[in-house]
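**Q** Below is the structure I would like to discuss, written out as structure tokens.
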Amino acid sequence: MGKVYLTGAGPGDKELLTLKALRLIQEADVIVYDRLVNTAILKEAKEGCECIYVGKENRHHILPQDEINALLYEKACEHETVVRLKGGDAVVFGRGGEEALFLASRGIAFEFVPGITSAIAVPEMANIPLTHRGKSVSFRVVTGYEAPEKGYAQLDWNSFKQDETIVFLMGLHQLQNICTQLMKIGKPAEYPIAVISRGTLPDEQVIVATLDTIYEQAKNLPTPALIVVGEVVTLHHKLSIV
Ligand code: SAH
């Protein structure tokens with residue numbers, strides 16, 4: 001019986017992989033990976049390693065979650081080292097916890113291997129620090145994908161604090177609604193917001209605008225993309241001059 005490593009692959013840039021993740025990828029007998037994983041990382045796998053794509057993003061699952069769980073179980077029964085590789089960090093909106101519960105319930109050994117989450121790294125590499133003295137004292141990472149029928153909590157829009165940075169993952173298709181809701185709770189139309197598409201990758205695009213103007217400018221950006229809202233967004237222009 002082998003072990004499954006629920007491993008974060010980082011936000012895109014291959015160099016944002018941890019040393020631990022790299023070692024496990026090099027040792028793996030099987031790698032089960034998602035759409036958001038930069039496939040350049042798979043070149044590090046040893047010869048004969050079986051790499052299985054189970055790409056999923058939002059609602060467009062290629063393999064349903066229960067089949068992914070069953071696959072991990074099956075591979076762990078046959079091999080010593082199974083790496084379950086996910087974009088960013090495996091548990092930040094990554095369903096790593098669900099996979100861990102499934103494996104634990106069947107007596108399969110597993111370990112979480114933290115990855116650099118896109119929620120922090122993508123804004124940071126776009127010159128938007130999530131906290132900054134005088135601009136933001138906290139940040140919150142939320143899903144823009146609201147589906148109460150599937151168990152995702154509906155957002156309590158009124159709970160957002162005034163000087164808090166908000167990062168929306170999986171939110172590009174909800175961009176208009178997000179702006180409308182934020183203006184409804186009293187944020188001014190000229191409040192800063194950014195959309196970052198394919199962050200940390202060579203074709204990254206950053207759009208900085210305001211709540212009333214961002215939608216038209218950013219709605220057609222390629223995915224993955226995330227949204228940052230807050231005064232810290234104004235730092236982007238100041239920090240992007242060199
Ligand atoms: N577990 C991942 C997040 C999974 S949810 C992590 O920790 O990063 C998927 C969402 O993450 C996407 O819809 C997008 O909002 C965001 N995302 C992931 N990689 C990204 C990237 N390179 N650039 C911009 N957004 C990204």
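Convention: chains lettered A, B, ... in structure tokens order; per-chain residue numbering from 1; ligands numbered from 1 as shown.
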May I have all residues of segment 15-236 of chain A that DSSP, computed from the backbone, assigns to strand (DSSP E or B), given as JSON, numbers by chain?
**A** {"A": [30, 31, 32, 33, 50, 51, 52, 53, 81, 82, 83, 84, 85, 86, 88, 109, 110, 111, 112, 113, 132, 136, 138, 139, 140, 141, 142, 143, 164, 165, 166, 167, 168, 169, 192, 193, 194, 195, 196, 197, 205, 206, 207, 208, 209, 210, 225, 226, 227, 228, 229]}
**Q** Could you write out that same residue set with C-alpha atoms as a PDB file, in the first residue's frame?
**A**
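For reference, result11.pdb as written:
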```pdb
ATOM      1  CA  VAL A  30       1.972   8.175 -10.546  1.00  0.00           C
ATOM      2  CA  ILE A  31       1.009  11.860 -10.879  1.00  0.00           C
ATOM      3  CA  VAL A  32      -2.658  12.781 -11.052  1.00  0.00           C
ATOM      4  CA  TYR A  33      -2.910  16.420 -12.128  1.00  0.00           C
ATOM      5  CA  GLU A  50       2.359   7.555 -15.137  1.00  0.00           C
ATOM      6  CA  CYS A  51       0.932  11.086 -15.529  1.00  0.00           C
ATOM      7  CA  ILE A  52      -2.875  11.173 -15.525  1.00  0.00           C
ATOM      8  CA  TYR A  53      -4.801  14.322 -16.450  1.00  0.00           C
ATOM      9  CA  THR A  81       4.262   7.148  -4.279  1.00  0.00           C
ATOM     10  CA  VAL A  82       1.214   8.839  -5.754  1.00  0.00           C
ATOM     11  CA  VAL A  83       1.319  12.615  -6.200  1.00  0.00           C
ATOM     12  CA  ARG A  84      -2.020  14.368  -6.506  1.00  0.00           C
ATOM     13  CA  LEU A  85      -0.958  17.662  -8.070  1.00  0.00           C
ATOM     14  CA  LYS A  86      -3.227  20.699  -7.995  1.00  0.00           C
ATOM     15  CA  GLY A  88      -1.800  26.732  -6.252  1.00  0.00           C
ATOM     16  CA  ALA A 109      -1.924   7.074   4.008  1.00  0.00           C
ATOM     17  CA  PHE A 110      -1.800  10.639   2.733  1.00  0.00           C
ATOM     18  CA  GLU A 111       0.055  13.874   3.379  1.00  0.00           C
ATOM     19  CA  PHE A 112      -0.712  17.481   2.483  1.00  0.00           C
ATOM     20  CA  VAL A 113       2.141  19.289   0.747  1.00  0.00           C
ATOM     21  CA  HIS A 132      -0.279  47.512   3.210  1.00  0.00           C
ATOM     22  CA  SER A 136      -5.535  47.423   4.175  1.00  0.00           C
ATOM     23  CA  SER A 138      -6.683  42.291   6.398  1.00  0.00           C
ATOM     24  CA  PHE A 139      -7.553  40.280   3.351  1.00  0.00           C
ATOM     25  CA  ARG A 140     -10.167  37.720   2.577  1.00  0.00           C
ATOM     26  CA  VAL A 141     -10.179  35.044  -0.111  1.00  0.00           C
ATOM     27  CA  VAL A 142     -13.630  34.100  -1.332  1.00  0.00           C
ATOM     28  CA  THR A 143     -15.098  32.147  -4.184  1.00  0.00           C
ATOM     29  CA  GLU A 164     -10.199  44.936   3.774  1.00  0.00           C
ATOM     30  CA  THR A 165      -8.736  43.528   0.554  1.00  0.00           C
ATOM     31  CA  ILE A 166     -10.984  40.968  -1.116  1.00  0.00           C
ATOM     32  CA  VAL A 167      -9.653  38.328  -3.502  1.00  0.00           C
ATOM     33  CA  PHE A 168     -12.237  36.508  -5.585  1.00  0.00           C
ATOM     34  CA  LEU A 169     -11.220  33.181  -7.080  1.00  0.00           C
ATOM     35  CA  PRO A 192     -10.249  50.271  -7.126  1.00  0.00           C
ATOM     36  CA  ILE A 193     -10.488  46.773  -8.572  1.00  0.00           C
ATOM     37  CA  ALA A 194      -8.119  44.654 -10.662  1.00  0.00           C
ATOM     38  CA  VAL A 195      -8.468  41.516 -12.728  1.00  0.00           C
ATOM     39  CA  ILE A 196      -5.356  39.425 -13.261  1.00  0.00           C
ATOM     40  CA  SER A 197      -5.444  36.836 -15.997  1.00  0.00           C
ATOM     41  CA  GLN A 205      -2.524  40.412 -18.188  1.00  0.00           C
ATOM     42  CA  VAL A 206      -3.406  42.903 -15.472  1.00  0.00           C
ATOM     43  CA  ILE A 207      -6.348  45.276 -15.785  1.00  0.00           C
ATOM     44  CA  VAL A 208      -6.682  47.947 -13.120  1.00  0.00           C
ATOM     45  CA  ALA A 209      -9.909  49.942 -13.138  1.00  0.00           C
ATOM     46  CA  THR A 210     -12.840  50.890 -10.913  1.00  0.00           C
ATOM     47  CA  ALA A 225      -8.229  34.910 -13.716  1.00  0.00           C
ATOM     48  CA  LEU A 226      -8.770  36.360 -10.275  1.00  0.00           C
ATOM     49  CA  ILE A 227     -10.202  39.610  -8.987  1.00  0.00           C
ATOM     50  CA  VAL A 228      -8.703  41.888  -6.318  1.00  0.00           C
ATOM     51  CA  VAL A 229     -10.743  44.649  -4.708  1.00  0.00           C
TER      52      VAL A 229
END
```
**Q** Which residues are near ligand 1 - at most 6 Å, using only C-alpha atoms and all ligand atoms? Format: as number ranges by chain.
**A** A: 11-12, 87-90, 92-94, 117-119, 122, 169-170, 196-200, 224-226
**Q** Got a sec: who's within 10 Å of Ile41 of chain A, counting only C-alpha atoms, leaving out chain neighbours fewer than 6 positions off, as a ChimeraX atom specification?
**A** /A:9,12-15,17,22,25-26
**Q** Residues as selected, C-alpha atoms, written as a compact mmCIF listing (two decimals), in the first residue's frame, can you do that?
**A**
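Final output, saved to again_36.txt:
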```
# COMPACT_ATOMS: atom_id res chain seq x y z
CA ALA A 9 1.95 22.99 -7.71
CA GLY A 12 1.74 28.80 -12.71
CA ASP A 13 5.36 29.93 -12.80
CA LYS A 14 7.30 26.68 -12.51
CA GLU A 15 9.83 28.25 -10.16
CA LEU A 17 7.08 25.10 -6.84
CA LEU A 22 9.71 18.99 -6.66
CA ILE A 25 7.32 14.81 -8.36
CA GLN A 26 10.75 13.37 -9.11
```
**Q** From the list A:Lys161, A:Lys20, A:Lys184, A:Lys3, which residue is nearest Leu72 of chain A when using only C-alpha atoms?
**A**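 Among the listed residues, the smallest separation from Leu72 of chain A belongs to A:Lys3.
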**Q** Which residues are close to Ser105 of chain A, i.e. within 12 Å by only C-alpha atoms, leaving aside same-chain residues fewer than 6 positions away? Reply as a list of chain:residue names.
**A** A:Asn69, A:Tyr73, A:Glu98, A:Glu99
**Q** What does the file look like for those residues with all heavy atoms, as a CSV table (one decimal), in the first residue's frame?
**A**
```
chain,number,residue,atom,x,y,z
A,69,ASN,N,-11.4,10.3,-6.8
A,69,ASN,CA,-11.2,9.7,-5.5
A,69,ASN,C,-10.9,8.2,-5.7
A,69,ASN,O,-9.9,7.7,-5.2
A,69,ASN,CB,-12.4,9.8,-4.6
A,69,ASN,CG,-12.7,11.2,-4.2
A,69,ASN,OD1,-11.8,12.1,-4.4
A,69,ASN,ND2,-13.8,11.5,-3.6
A,73,TYR,N,-7.4,6.0,-5.0
A,73,TYR,CA,-7.4,4.8,-4.1
A,73,TYR,C,-6.7,3.7,-4.9
A,73,TYR,O,-5.8,3.0,-4.4
A,73,TYR,CB,-8.9,4.5,-3.8
A,73,TYR,CG,-9.0,3.2,-3.0
A,73,TYR,CD1,-8.7,3.1,-1.7
A,73,TYR,CD2,-9.4,2.0,-3.7
A,73,TYR,CE1,-8.8,1.9,-1.0
A,73,TYR,CE2,-9.5,0.8,-3.0
A,73,TYR,CZ,-9.2,0.7,-1.7
A,73,TYR,OH,-9.3,-0.4,-1.0
A,98,GLU,N,-11.4,17.1,0.7
A,98,GLU,CA,-12.4,16.1,0.4
A,98,GLU,C,-11.6,14.8,0.0
A,98,GLU,O,-12.0,13.7,0.3
A,98,GLU,CB,-13.3,16.5,-0.8
A,98,GLU,CG,-14.3,17.5,-0.4
A,98,GLU,CD,-15.0,18.0,-1.7
A,98,GLU,OE1,-15.5,17.2,-2.5
A,98,GLU,OE2,-15.0,19.3,-1.9
A,99,GLU,N,-10.6,15.0,-0.8
A,99,GLU,CA,-9.8,13.8,-1.3
A,99,GLU,C,-9.1,13.1,-0.1
A,99,GLU,O,-9.1,11.9,0.0
A,99,GLU,CB,-8.8,14.2,-2.4
A,99,GLU,CG,-9.6,14.6,-3.6
A,99,GLU,CD,-8.7,15.1,-4.8
A,99,GLU,OE1,-7.5,15.0,-4.7
A,99,GLU,OE2,-9.3,15.6,-5.8
```
**Q** Give the answer as one residue: which of A:Leu201, A:Leu182, A:Ala218, A:Val232 has the shortest atom-to-atom distance to Asn38 of chain A, using only C-alpha atoms?
**A** A:Leu201
**Q** Taking only segment 53-191 of chain A into account, list the residues labelled helix (DSSP H, G or I) by DSSP (computed from the backbone), as a PyMOL selection string.
**A** chain A and resi 65-78+96-105+118-125+148-150+157-159+172-184
**Q** For Ala189 of chain A, find every residue with an atom within 7 Å (counting only C-alpha atoms), except residues of its own chain fewer than 5 positions away, and show them as a list in words.
**A**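 Here the answer would be Met183, Thr210, Leu211 and Asp212 of chain A.
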**Q** Smallest atom-to-atom distance to Ile116 of chain A: which of A:Pro129, A:Gly10, A:Gly134, A:Gly2, using only C-alpha atoms?
**A**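 Residue with the minimum atom-to-atom distance to Ile116 of chain A: A:Gly10.
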